[in-house]
Structure formats: structure tokens, C-alpha cells
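Engineer: One file: entry-v7.csv (CSV, N, CA and C atoms).
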chain,number,residue,atom,x,y,z
A,1,MET,N,9.8,26.6,39.2
A,1,MET,CA,9.6,25.5,38.2
A,1,MET,C,9.5,24.2,38.9
A,2,ILE,N,8.5,23.4,38.4
A,2,ILE,CA,8.3,22.1,39.0
A,2,ILE,C,8.7,21.1,37.9
A,3,VAL,N,9.4,20.1,38.2
A,3,VAL,CA,9.8,19.0,37.3
A,3,VAL,C,9.2,17.7,37.8
A,4,VAL,N,8.5,17.0,37.0
A,4,VAL,CA,7.9,15.8,37.4
A,4,VAL,C,8.3,14.7,36.4
A,5,GLU,N,8.3,13.5,36.8
A,5,GLU,CA,8.7,12.4,35.9
A,5,GLU,C,7.5,11.4,35.9
A,6,GLY,N,7.2,10.8,34.8
A,6,GLY,CA,6.2,9.8,34.7
A,6,GLY,C,6.0,9.4,33.3
A,7,ASP,N,4.9,8.6,33.1
A,7,ASP,CA,4.6,8.0,31.8
A,7,ASP,C,3.7,9.0,31.1
A,8,LEU,N,4.2,9.7,30.1
A,8,LEU,CA,3.5,10.7,29.3
A,8,LEU,C,2.8,11.7,30.1
A,9,LEU,N,1.5,11.8,30.1
A,9,LEU,CA,0.8,12.9,30.8
A,9,LEU,C,0.4,12.5,32.2
A,10,SER,N,0.7,11.3,32.6
A,10,SER,CA,0.2,10.8,33.9
A,10,SER,C,0.6,11.6,35.2
A,11,PRO,N,1.8,12.2,35.2
A,11,PRO,CA,2.1,13.0,36.4
A,11,PRO,C,1.4,14.3,36.6
A,12,LEU,N,0.7,14.7,35.5
A,12,LEU,CA,0.0,16.0,35.7
A,12,LEU,C,-1.1,15.9,36.7
A,13,PRO,N,-1.4,17.0,37.4
A,13,PRO,CA,-2.5,17.0,38.4
A,13,PRO,C,-3.8,16.9,37.7
A,14,ALA,N,-4.7,16.1,38.3
A,14,ALA,CA,-6.0,16.0,37.6
A,14,ALA,C,-6.8,17.3,37.4
A,15,THR,N,-6.5,18.3,38.2
A,15,THR,CA,-7.1,19.6,38.1
A,15,THR,C,-6.8,20.3,36.7
A,16,LEU,N,-5.8,19.8,36.0
A,16,LEU,CA,-5.5,20.3,34.7
A,16,LEU,C,-6.2,19.7,33.6
A,17,ARG,N,-6.9,18.6,33.8
A,17,ARG,CA,-7.7,17.9,32.7
A,17,ARG,C,-8.6,18.9,32.1
A,18,GLY,N,-8.5,19.0,30.7
A,18,GLY,CA,-9.3,19.8,30.0
A,18,GLY,C,-9.0,21.3,30.0
A,19,ALA,N,-7.8,21.6,30.6
A,19,ALA,CA,-7.5,23.0,30.8
A,19,ALA,C,-6.1,23.4,30.2
A,20,VAL,N,-5.4,22.5,29.6
A,20,VAL,CA,-4.1,22.7,29.1
A,20,VAL,C,-4.1,23.4,27.8
A,21,ASP,N,-3.4,24.5,27.6
A,21,ASP,CA,-3.4,25.2,26.3
A,21,ASP,C,-2.5,24.5,25.3
A,22,LEU,N,-1.4,23.9,25.7
A,22,LEU,CA,-0.4,23.4,24.8
A,22,LEU,C,0.2,22.2,25.3
A,23,VAL,N,0.3,21.1,24.5
A,23,VAL,CA,1.1,19.9,24.8
A,23,VAL,C,2.1,19.8,23.7
A,24,VAL,N,3.4,19.8,24.2
A,24,VAL,CA,4.5,19.6,23.2
A,24,VAL,C,5.2,18.3,23.6
A,25,ALA,N,5.3,17.4,22.6
A,25,ALA,CA,5.9,16.1,22.8
A,25,ALA,C,6.9,15.7,21.8
A,26,ASN,N,8.0,15.1,22.3
A,26,ASN,CA,9.0,14.5,21.4
A,26,ASN,C,9.1,13.1,21.8
A,27,PRO,N,8.1,12.3,21.5
A,27,PRO,CA,8.1,10.9,21.9
A,27,PRO,C,9.1,10.1,21.1
A,28,PRO,N,9.5,8.9,21.6
A,28,PRO,CA,10.2,8.0,20.7
A,28,PRO,C,9.3,7.6,19.5
A,29,TYR,N,9.9,7.7,18.3
A,29,TYR,CA,9.0,7.5,17.1
A,29,TYR,C,9.6,6.5,16.1
A,30,LEU,N,10.7,5.9,16.4
A,30,LEU,CA,11.4,5.0,15.4
A,30,LEU,C,10.9,3.6,15.6
A,31,ALA,N,10.7,2.9,14.5
A,31,ALA,CA,10.4,1.5,14.5
A,31,ALA,C,11.7,0.7,15.0
A,32,ALA,N,11.5,-0.4,15.6
A,32,ALA,CA,12.6,-1.2,16.1
A,32,ALA,C,13.6,-1.6,15.0
A,33,ALA,N,13.0,-1.9,13.8
A,33,ALA,CA,13.9,-2.2,12.7
A,33,ALA,C,14.8,-1.1,12.2
A,34,GLN,N,14.5,0.1,12.6
A,34,GLN,CA,15.3,1.3,12.1
A,34,GLN,C,16.5,1.5,13.0
A,35,LEU,N,16.6,0.9,14.1
A,35,LEU,CA,17.7,1.1,15.0
A,35,LEU,C,19.0,0.9,14.4
A,36,ALA,N,19.2,-0.2,13.6
A,36,ALA,CA,20.5,-0.5,13.0
A,36,ALA,C,20.9,0.6,12.0
A,37,SER,N,20.0,1.3,11.4
A,37,SER,CA,20.3,2.3,10.4
A,37,SER,C,20.6,3.7,11.0
A,38,LEU,N,20.5,3.8,12.3
A,38,LEU,CA,20.8,5.1,12.9
A,38,LEU,C,22.3,5.4,13.0
A,39,ALA,N,22.6,6.7,13.0
A,39,ALA,CA,24.0,7.1,13.1
A,39,ALA,C,24.6,6.5,14.4
A,40,PRO,N,25.8,6.1,14.4
A,40,PRO,CA,26.4,5.5,15.6
A,40,PRO,C,26.3,6.4,16.9
A,41,ASP,N,26.4,7.7,16.8
A,41,ASP,CA,26.3,8.5,18.0
A,41,ASP,C,24.9,8.5,18.6
A,42,VAL,N,23.9,8.2,17.8
A,42,VAL,CA,22.5,8.0,18.3
A,42,VAL,C,22.3,6.6,18.7
A,43,ARG,N,22.6,5.7,17.8
A,43,ARG,CA,22.3,4.2,18.1
A,43,ARG,C,23.1,3.7,19.3
A,44,ASP,N,24.3,4.2,19.5
A,44,ASP,CA,25.1,3.6,20.6
A,44,ASP,C,25.1,4.3,21.9
A,45,HIS,N,24.4,5.5,21.9
A,45,HIS,CA,24.5,6.3,23.1
A,45,HIS,C,23.1,6.8,23.6
A,46,GLU,N,22.1,6.9,22.8
A,46,GLU,CA,20.8,7.3,23.2
A,46,GLU,C,20.1,6.1,23.8
A,47,PRO,N,19.4,6.3,24.9
A,47,PRO,CA,18.6,5.2,25.5
A,47,PRO,C,17.5,4.7,24.5
A,48,LEU,N,17.3,3.4,24.4
A,48,LEU,CA,16.3,2.9,23.5
A,48,LEU,C,14.9,3.5,23.8
A,49,VAL,N,14.6,3.7,25.1
A,49,VAL,CA,13.3,4.2,25.5
A,49,VAL,C,13.1,5.6,24.9
A,50,ALA,N,14.1,6.3,24.5
A,50,ALA,CA,14.0,7.7,24.0
A,50,ALA,C,14.0,7.7,22.5
A,51,THR,N,14.2,6.6,21.8
A,51,THR,CA,14.3,6.6,20.4
A,51,THR,C,13.3,5.6,19.7
A,52,VAL,N,13.2,4.4,20.3
A,52,VAL,CA,12.4,3.3,19.7
A,52,VAL,C,11.0,3.2,20.3
A,53,SER,N,10.0,3.4,19.5
A,53,SER,CA,8.6,3.3,20.0
A,53,SER,C,8.0,1.9,20.1
A,54,GLY,N,8.5,1.1,19.1
A,54,GLY,CA,7.9,-0.3,19.1
A,54,GLY,C,8.1,-0.8,17.6
A,55,PRO,N,7.4,-1.8,17.3
A,55,PRO,CA,7.5,-2.4,16.0
A,55,PRO,C,7.2,-1.5,14.8
A,56,THR,N,6.2,-0.6,14.9
A,56,THR,CA,5.9,0.3,13.8
A,56,THR,C,6.4,1.7,14.0
A,57,GLY,N,6.8,2.1,15.2
A,57,GLY,CA,7.2,3.4,15.5
A,57,GLY,C,6.1,4.4,15.9
A,58,LEU,N,4.9,3.9,15.7
A,58,LEU,CA,3.7,4.7,16.1
A,58,LEU,C,3.1,4.4,17.4
A,59,GLU,N,3.6,3.5,18.1
A,59,GLU,CA,3.1,3.0,19.4
A,59,GLU,C,3.0,4.2,20.4
A,60,VAL,N,4.1,4.9,20.7
A,60,VAL,CA,4.1,5.9,21.7
A,60,VAL,C,3.4,7.2,21.1
A,61,PRO,N,3.7,7.6,19.9
A,61,PRO,CA,3.0,8.8,19.3
A,61,PRO,C,1.5,8.6,19.4
A,62,ALA,N,1.0,7.4,19.1
A,62,ALA,CA,-0.5,7.1,19.2
A,62,ALA,C,-1.0,7.3,20.6
A,63,ARG,N,-0.3,6.9,21.6
A,63,ARG,CA,-0.7,7.1,22.9
A,63,ARG,C,-0.7,8.6,23.3
A,64,VAL,N,0.3,9.4,22.8
A,64,VAL,CA,0.2,10.8,23.0
A,64,VAL,C,-1.0,11.4,22.4
A,65,VAL,N,-1.3,11.1,21.2
A,65,VAL,CA,-2.5,11.6,20.5
A,65,VAL,C,-3.7,11.4,21.3
A,66,GLU,N,-3.9,10.1,21.7
A,66,GLU,CA,-5.1,9.8,22.4
A,66,GLU,C,-5.2,10.4,23.8
A,67,GLU,N,-4.1,10.3,24.6
A,67,GLU,CA,-4.1,10.8,26.0
A,67,GLU,C,-4.2,12.3,26.1
A,68,ALA,N,-3.6,13.0,25.1
A,68,ALA,CA,-3.6,14.5,25.1
A,68,ALA,C,-5.1,15.0,25.0
A,69,LEU,N,-5.9,14.3,24.4
A,69,LEU,CA,-7.3,14.7,24.2
A,69,LEU,C,-8.0,15.1,25.5
A,70,ALA,N,-7.7,14.4,26.6
A,70,ALA,CA,-8.4,14.6,27.9
A,70,ALA,C,-7.8,15.8,28.6
A,71,TRP,N,-6.6,16.3,28.1
A,71,TRP,CA,-5.9,17.4,28.8
A,71,TRP,C,-6.0,18.7,28.1
A,72,ILE,N,-6.1,18.7,26.8
A,72,ILE,CA,-6.1,19.9,26.0
A,72,ILE,C,-7.5,20.6,26.1
A,73,ARG,N,-7.5,21.9,26.4
A,73,ARG,CA,-8.8,22.6,26.4
A,73,ARG,C,-9.3,22.8,25.0
A,74,PRO,N,-10.5,23.1,24.8
A,74,PRO,CA,-11.0,23.5,23.4
A,74,PRO,C,-10.2,24.6,22.9
A,75,GLY,N,-9.7,24.5,21.7
A,75,GLY,CA,-8.9,25.5,21.1
A,75,GLY,C,-7.4,25.4,21.4
A,76,GLY,N,-7.1,24.4,22.2
A,76,GLY,CA,-5.7,24.2,22.6
A,76,GLY,C,-4.9,23.4,21.5
A,77,TRP,N,-3.7,23.2,21.7
A,77,TRP,CA,-2.8,22.7,20.6
A,77,TRP,C,-2.0,21.5,21.1
A,78,LEU,N,-1.7,20.6,20.2
A,78,LEU,CA,-0.8,19.5,20.4
A,78,LEU,C,0.3,19.6,19.3
A,79,PHE,N,1.5,19.7,19.7
A,79,PHE,CA,2.7,19.7,18.8
A,79,PHE,C,3.5,18.5,19.1
A,80,MET,N,3.9,17.8,18.1
A,80,MET,CA,4.6,16.5,18.3
A,80,MET,C,5.7,16.3,17.2
A,81,GLU,N,6.9,16.0,17.6
A,81,GLU,CA,7.9,15.7,16.6
A,81,GLU,C,7.7,14.3,16.0
A,82,THR,N,8.1,14.1,14.8
A,82,THR,CA,8.0,12.8,14.1
A,82,THR,C,9.1,12.8,13.1
A,83,TRP,N,9.3,11.7,12.4
A,83,TRP,CA,10.3,11.6,11.3
A,83,TRP,C,9.5,11.6,10.0
A,84,PRO,N,10.0,12.1,8.9
A,84,PRO,CA,9.3,12.3,7.7
A,84,PRO,C,8.6,11.1,7.2
A,85,GLY,N,9.1,9.9,7.3
A,85,GLY,CA,8.5,8.7,6.8
A,85,GLY,C,7.3,8.3,7.6
A,86,GLN,N,7.0,8.9,8.6
A,86,GLN,CA,5.8,8.6,9.5
A,86,GLN,C,4.7,9.7,9.4
A,87,THR,N,5.0,10.8,8.7
A,87,THR,CA,4.1,11.9,8.8
A,87,THR,C,2.7,11.5,8.3
A,88,ASP,N,2.5,10.8,7.2
A,88,ASP,CA,1.2,10.5,6.7
A,88,ASP,C,0.4,9.7,7.7
A,89,ASP,N,1.0,8.7,8.3
A,89,ASP,CA,0.3,7.8,9.3
A,89,ASP,C,-0.1,8.6,10.5
A,90,LEU,N,0.8,9.5,11.0
A,90,LEU,CA,0.6,10.3,12.1
A,90,LEU,C,-0.6,11.3,11.9
A,91,LEU,N,-0.5,11.9,10.7
A,91,LEU,CA,-1.6,12.8,10.3
A,91,LEU,C,-3.0,12.1,10.3
A,92,ALA,N,-3.0,10.9,9.8
A,92,ALA,CA,-4.3,10.1,9.8
A,92,ALA,C,-4.8,9.9,11.2
A,93,LEU,N,-3.8,9.5,12.0
A,93,LEU,CA,-4.2,9.3,13.4
A,93,LEU,C,-4.7,10.6,14.1
A,94,LEU,N,-4.0,11.7,13.9
A,94,LEU,CA,-4.4,12.9,14.4
A,94,LEU,C,-5.8,13.4,13.9
A,95,SER,N,-6.0,13.2,12.6
A,95,SER,CA,-7.3,13.6,12.0
A,95,SER,C,-8.5,12.8,12.5
A,96,ALA,N,-8.2,11.6,13.0
A,96,ALA,CA,-9.3,10.8,13.5
A,96,ALA,C,-9.7,11.3,14.9
A,97,HIS,N,-8.9,12.1,15.6
A,97,HIS,CA,-9.1,12.5,17.0
A,97,HIS,C,-9.3,14.0,17.1
A,98,TYR,N,-8.8,14.8,16.2
A,98,TYR,CA,-8.7,16.2,16.3
A,98,TYR,C,-9.4,16.9,15.1
A,99,ALA,N,-10.0,18.1,15.3
A,99,ALA,CA,-10.7,18.8,14.3
A,99,ALA,C,-9.7,19.2,13.2
A,100,GLU,N,-8.5,19.6,13.5
A,100,GLU,CA,-7.5,20.0,12.5
A,100,GLU,C,-6.2,19.3,12.8
A,101,ALA,N,-5.5,18.9,11.7
A,101,ALA,CA,-4.2,18.3,11.8
A,101,ALA,C,-3.4,18.7,10.6
A,102,ALA,N,-2.1,19.1,10.9
A,102,ALA,CA,-1.2,19.5,9.8
A,102,ALA,C,0.2,19.2,10.2
A,103,SER,N,1.1,19.2,9.2
A,103,SER,CA,2.5,19.0,9.4
A,103,SER,C,3.3,20.2,8.8
A,104,THR,N,4.4,20.4,9.4
A,104,THR,CA,5.3,21.4,8.8
A,104,THR,C,6.7,20.8,8.6
A,105,PRO,N,7.3,21.1,7.5
A,105,PRO,CA,8.6,20.6,7.1
A,105,PRO,C,9.6,21.0,8.1
A,106,THR,N,10.7,20.3,8.3
A,106,THR,CA,11.8,20.6,9.2
A,106,THR,C,12.7,21.6,8.6
Can the structure in the file be given as C-alpha cells, please?
Structural biologist:
Amino acid sequence: MIVVEGDLLSPLPATLRGAVDLVVANPPYLAAAQLASLAPDVRDHEPLVATVSGPTGLEVPARVVEEALAWIRPGGWLFMETWPGQTDDLLALLSAHYAEAASTPT
């Protein structure tokens, strides 16, 4: 197994562009204003970079949606975690870039 660290898909070798079958992402997806409402065990102990995406919460998920396009082969899949209040906006973003987009309840 190889473990790499980097910004989203940037550490992947260029030879994988357009050849990846599956991208699974759990990006930070909370808006900065939501931080105060999180459970103390999350708010006080999880790194902000792992929970807060930016002012709207869609900043990092939008980057995943856009950047994954170059890596996923035709017929490949992108799976991404989000929170229920963001589903419609994320589906709209996905639909603008991908032939099919759907959500599943948790």
C-alpha cells in the first residue's frame, strides 16, 4: 500500500488521469457559521481543516467535483459525503458536471 499526502487529487501520478474507476471523498463540508452548533467532541477536537469548508460549506466539495472530472474514466464514479442541508446544492453542482447525479439517505 502507498500512502500519499496532498491537496485533494494533486498527489496522484499524472499517468492515472482519466483512468480512475472510483473517487471517494469525505471533504470538509460545513459552513464556518455552523462550527458553533457542532457537538463539543467534534467542535473542540476535530481539526478545522477537516470540518469547515468555508463560508458556504461548498468550497471544498466544489473543488472535488471539478477536479475529479480529469481523473475519472468514462463510466467511473465519484462518491462524496455531505450533510443533508447541502444535498440539493451539491446535486446541482454535480449535475452541471456529470451525466448522472444522485444522493442516498444516510
Engineer: So which residues touch region 71-75 of chain A within 8 Å, counting only N, CA and C atoms, skipping near sequence neighbours fewer than 3 positions away, as an NGL selection string?
Structural biologist: :A and (16-23 or 66-68 or 78)
Engineer: Would you work out the distance separating CA of Met1 (chain A) from CA of Ala70 (chain A), expressed in Å to one decimal?
Structural biologist: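 CA of Met1 (chain A) sits 23.4 Å away from CA of Ala70 (chain A).
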Engineer: Just list the residues in region 13-66 of chain A DSSP gives alpha helix (DSSP H) on the backbone, as a short mmCIF file (atom, residue, chain, number, x, y, z; two decimals) with N, CA and C atoms, in the frame of the given file.
Structural biologist:
data_model
loop_
_atom_site.label_atom_id
_atom_site.label_comp_id
_atom_site.auth_asym_id
_atom_site.auth_seq_id
_atom_site.Cartn_x
_atom_site.Cartn_y
_atom_site.Cartn_z
N PRO A 40 25.80 6.10 14.40
CA PRO A 40 26.40 5.50 15.60
C PRO A 40 26.30 6.40 16.90
N ASP A 41 26.40 7.70 16.80
CA ASP A 41 26.30 8.50 18.00
C ASP A 41 24.90 8.50 18.60
N VAL A 42 23.90 8.20 17.80
CA VAL A 42 22.50 8.00 18.30
C VAL A 42 22.30 6.60 18.70
N ARG A 43 22.60 5.70 17.80
CA ARG A 43 22.30 4.20 18.10
C ARG A 43 23.10 3.70 19.30
N LEU A 48 17.30 3.40 24.40
CA LEU A 48 16.30 2.90 23.50
C LEU A 48 14.90 3.50 23.80
N VAL A 49 14.60 3.70 25.10
CA VAL A 49 13.30 4.20 25.50
C VAL A 49 13.10 5.60 24.90
N ALA A 50 14.10 6.30 24.50
CA ALA A 50 14.00 7.70 24.00
C ALA A 50 14.00 7.70 22.50
N THR A 51 14.20 6.60 21.80
CA THR A 51 14.30 6.60 20.40
C THR A 51 13.30 5.60 19.70
N GLU A 59 3.60 3.50 18.10
CA GLU A 59 3.10 3.00 19.40
C GLU A 59 3.00 4.20 20.40
N VAL A 60 4.10 4.90 20.70
CA VAL A 60 4.10 5.90 21.70
C VAL A 60 3.40 7.20 21.10
N PRO A 61 3.70 7.60 19.90
CA PRO A 61 3.00 8.80 19.30
C PRO A 61 1.50 8.60 19.40
N ALA A 62 1.00 7.40 19.10
CA ALA A 62 -0.50 7.10 19.20
C ALA A 62 -1.00 7.30 20.60
N ARG A 63 -0.30 6.90 21.60
CA ARG A 63 -0.70 7.10 22.90
C ARG A 63 -0.70 8.60 23.30
N VAL A 64 0.30 9.40 22.80
CA VAL A 64 0.20 10.80 23.00
C VAL A 64 -1.00 11.40 22.40
N VAL A 65 -1.30 11.10 21.20
CA VAL A 65 -2.50 11.60 20.50
C VAL A 65 -3.70 11.40 21.30
N GLU A 66 -3.90 10.10 21.70
CA GLU A 66 -5.10 9.80 22.40
C GLU A 66 -5.20 10.40 23.80
#
Engineer: I'd like the interatomic distance between atom C of Pro47 (chain A) and CA of Asn26 (chain A), to a tenth of an Å.
Structural biologist: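 Result for atom C of Pro47 (chain A) versus CA of Asn26 (chain A): 13.3 Å, one decimal.
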Engineer: Looking at A:Gly54, A:Thr15, A:Glu100, A:Pro28, which one is nearest to Thr82 (chain A), with distances taken over only C-alpha atoms?
Structural biologist: A:Pro28
Engineer: Quick one, how far is atom N of Glu46 (chain A) from atom C of Ala62 (chain A)?
Structural biologist: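 Pair atom N of Glu46 (chain A) / atom C of Ala62 (chain A) returns 23.2 Å.
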Engineer: Please complete region 37-48 of chain A with all heavy atoms and give it back as a PDB file, keeping the file's coordinate frame.
Structural biologist:
ATOM      1  N   SER A  37      20.000   1.300  11.400  1.00  0.00           N
ATOM      2  CA  SER A  37      20.300   2.300  10.400  1.00  0.00           C
ATOM      3  C   SER A  37      20.600   3.700  11.000  1.00  0.00           C
ATOM      4  O   SER A  37      21.002   4.611  10.275  1.00  0.00           O
ATOM      5  CB  SER A  37      19.210   2.446   9.391  1.00  0.00           C
ATOM      6  OG  SER A  37      18.054   2.982  10.001  1.00  0.00           O
ATOM      7  N   LEU A  38      20.500   3.800  12.300  1.00  0.00           N
ATOM      8  CA  LEU A  38      20.800   5.100  12.900  1.00  0.00           C
ATOM      9  C   LEU A  38      22.300   5.400  13.000  1.00  0.00           C
ATOM     10  O   LEU A  38      23.102   4.533  12.952  1.00  0.00           O
ATOM     11  CB  LEU A  38      20.254   5.155  14.374  1.00  0.00           C
ATOM     12  CG  LEU A  38      18.752   5.066  14.548  1.00  0.00           C
ATOM     13  CD1 LEU A  38      18.404   5.039  16.029  1.00  0.00           C
ATOM     14  CD2 LEU A  38      18.058   6.222  13.862  1.00  0.00           C
ATOM     15  N   ALA A  39      22.600   6.700  13.000  1.00  0.00           N
ATOM     16  CA  ALA A  39      24.000   7.100  13.100  1.00  0.00           C
ATOM     17  C   ALA A  39      24.600   6.500  14.400  1.00  0.00           C
ATOM     18  O   ALA A  39      23.841   6.461  15.445  1.00  0.00           O
ATOM     19  CB  ALA A  39      24.098   8.642  13.170  1.00  0.00           C
ATOM     20  N   PRO A  40      25.800   6.100  14.400  1.00  0.00           N
ATOM     21  CA  PRO A  40      26.400   5.500  15.600  1.00  0.00           C
ATOM     22  C   PRO A  40      26.300   6.400  16.900  1.00  0.00           C
ATOM     23  O   PRO A  40      26.061   5.813  17.981  1.00  0.00           O
ATOM     24  CB  PRO A  40      27.856   5.295  15.250  1.00  0.00           C
ATOM     25  CG  PRO A  40      27.849   5.214  13.762  1.00  0.00           C
ATOM     26  CD  PRO A  40      26.750   6.128  13.316  1.00  0.00           C
ATOM     27  N   ASP A  41      26.400   7.700  16.800  1.00  0.00           N
ATOM     28  CA  ASP A  41      26.300   8.500  18.000  1.00  0.00           C
ATOM     29  C   ASP A  41      24.900   8.500  18.600  1.00  0.00           C
ATOM     30  O   ASP A  41      24.738   8.627  19.797  1.00  0.00           O
ATOM     31  CB  ASP A  41      26.710   9.963  17.695  1.00  0.00           C
ATOM     32  CG  ASP A  41      25.863  10.649  16.640  1.00  0.00           C
ATOM     33  OD1 ASP A  41      25.526   9.999  15.632  1.00  0.00           O
ATOM     34  OD2 ASP A  41      25.537  11.828  16.833  1.00  0.00           O
ATOM     35  N   VAL A  42      23.900   8.200  17.800  1.00  0.00           N
ATOM     36  CA  VAL A  42      22.500   8.000  18.300  1.00  0.00           C
ATOM     37  C   VAL A  42      22.300   6.600  18.700  1.00  0.00           C
ATOM     38  O   VAL A  42      21.904   6.298  19.866  1.00  0.00           O
ATOM     39  CB  VAL A  42      21.466   8.443  17.267  1.00  0.00           C
ATOM     40  CG1 VAL A  42      20.053   8.153  17.768  1.00  0.00           C
ATOM     41  CG2 VAL A  42      21.631   9.904  16.897  1.00  0.00           C
ATOM     42  N   ARG A  43      22.600   5.700  17.800  1.00  0.00           N
ATOM     43  CA  ARG A  43      22.300   4.200  18.100  1.00  0.00           C
ATOM     44  C   ARG A  43      23.100   3.700  19.300  1.00  0.00           C
ATOM     45  O   ARG A  43      22.533   2.948  20.091  1.00  0.00           O
ATOM     46  CB  ARG A  43      22.769   3.437  16.834  1.00  0.00           C
ATOM     47  CG  ARG A  43      22.549   1.938  16.961  1.00  0.00           C
ATOM     48  CD  ARG A  43      23.148   1.174  15.795  1.00  0.00           C
ATOM     49  NE  ARG A  43      24.592   1.372  15.761  1.00  0.00           N
ATOM     50  CZ  ARG A  43      25.275   1.812  14.700  1.00  0.00           C
ATOM     51  NH1 ARG A  43      24.656   2.110  13.586  1.00  0.00           N
ATOM     52  NH2 ARG A  43      26.582   1.948  14.755  1.00  0.00           N
ATOM     53  N   ASP A  44      24.300   4.200  19.500  1.00  0.00           N
ATOM     54  CA  ASP A  44      25.100   3.600  20.600  1.00  0.00           C
ATOM     55  C   ASP A  44      25.100   4.300  21.900  1.00  0.00           C
ATOM     56  O   ASP A  44      25.585   3.873  22.873  1.00  0.00           O
ATOM     57  CB  ASP A  44      26.595   3.541  20.088  1.00  0.00           C
ATOM     58  CG  ASP A  44      26.776   2.653  18.866  1.00  0.00           C
ATOM     59  OD1 ASP A  44      25.910   1.793  18.613  1.00  0.00           O
ATOM     60  OD2 ASP A  44      27.785   2.827  18.154  1.00  0.00           O
ATOM     61  N   HIS A  45      24.400   5.500  21.900  1.00  0.00           N
ATOM     62  CA  HIS A  45      24.500   6.300  23.100  1.00  0.00           C
ATOM     63  C   HIS A  45      23.100   6.800  23.600  1.00  0.00           C
ATOM     64  O   HIS A  45      23.028   7.186  24.770  1.00  0.00           O
ATOM     65  CB  HIS A  45      25.436   7.543  22.907  1.00  0.00           C
ATOM     66  CG  HIS A  45      26.826   7.123  22.561  1.00  0.00           C
ATOM     67  ND1 HIS A  45      27.674   6.531  23.467  1.00  0.00           N
ATOM     68  CD2 HIS A  45      27.511   7.179  21.386  1.00  0.00           C
ATOM     69  CE1 HIS A  45      28.818   6.246  22.876  1.00  0.00           C
ATOM     70  NE2 HIS A  45      28.752   6.628  21.613  1.00  0.00           N
ATOM     71  N   GLU A  46      22.100   6.900  22.800  1.00  0.00           N
ATOM     72  CA  GLU A  46      20.800   7.300  23.200  1.00  0.00           C
ATOM     73  C   GLU A  46      20.100   6.100  23.800  1.00  0.00           C
ATOM     74  O   GLU A  46      20.147   5.015  23.271  1.00  0.00           O
ATOM     75  CB  GLU A  46      19.989   7.875  22.031  1.00  0.00           C
ATOM     76  CG  GLU A  46      20.503   9.175  21.481  1.00  0.00           C
ATOM     77  CD  GLU A  46      20.327  10.328  22.451  1.00  0.00           C
ATOM     78  OE1 GLU A  46      19.348  10.352  23.221  1.00  0.00           O
ATOM     79  OE2 GLU A  46      21.192  11.226  22.428  1.00  0.00           O
ATOM     80  N   PRO A  47      19.400   6.300  24.900  1.00  0.00           N
ATOM     81  CA  PRO A  47      18.600   5.200  25.500  1.00  0.00           C
ATOM     82  C   PRO A  47      17.500   4.700  24.500  1.00  0.00           C
ATOM     83  O   PRO A  47      16.880   5.561  23.795  1.00  0.00           O
ATOM     84  CB  PRO A  47      17.932   5.823  26.689  1.00  0.00           C
ATOM     85  CG  PRO A  47      18.608   7.124  26.924  1.00  0.00           C
ATOM     86  CD  PRO A  47      19.230   7.552  25.643  1.00  0.00           C
ATOM     87  N   LEU A  48      17.300   3.400  24.400  1.00  0.00           N
ATOM     88  CA  LEU A  48      16.300   2.900  23.500  1.00  0.00           C
ATOM     89  C   LEU A  48      14.900   3.500  23.800  1.00  0.00           C
ATOM     90  O   LEU A  48      14.106   3.765  22.902  1.00  0.00           O
ATOM     91  CB  LEU A  48      16.202   1.384  23.607  1.00  0.00           C
ATOM     92  CG  LEU A  48      17.331   0.608  22.954  1.00  0.00           C
ATOM     93  CD1 LEU A  48      17.157  -0.882  23.190  1.00  0.00           C
ATOM     94  CD2 LEU A  48      17.403   0.914  21.473  1.00  0.00           C
TER      95      LEU A  48
END
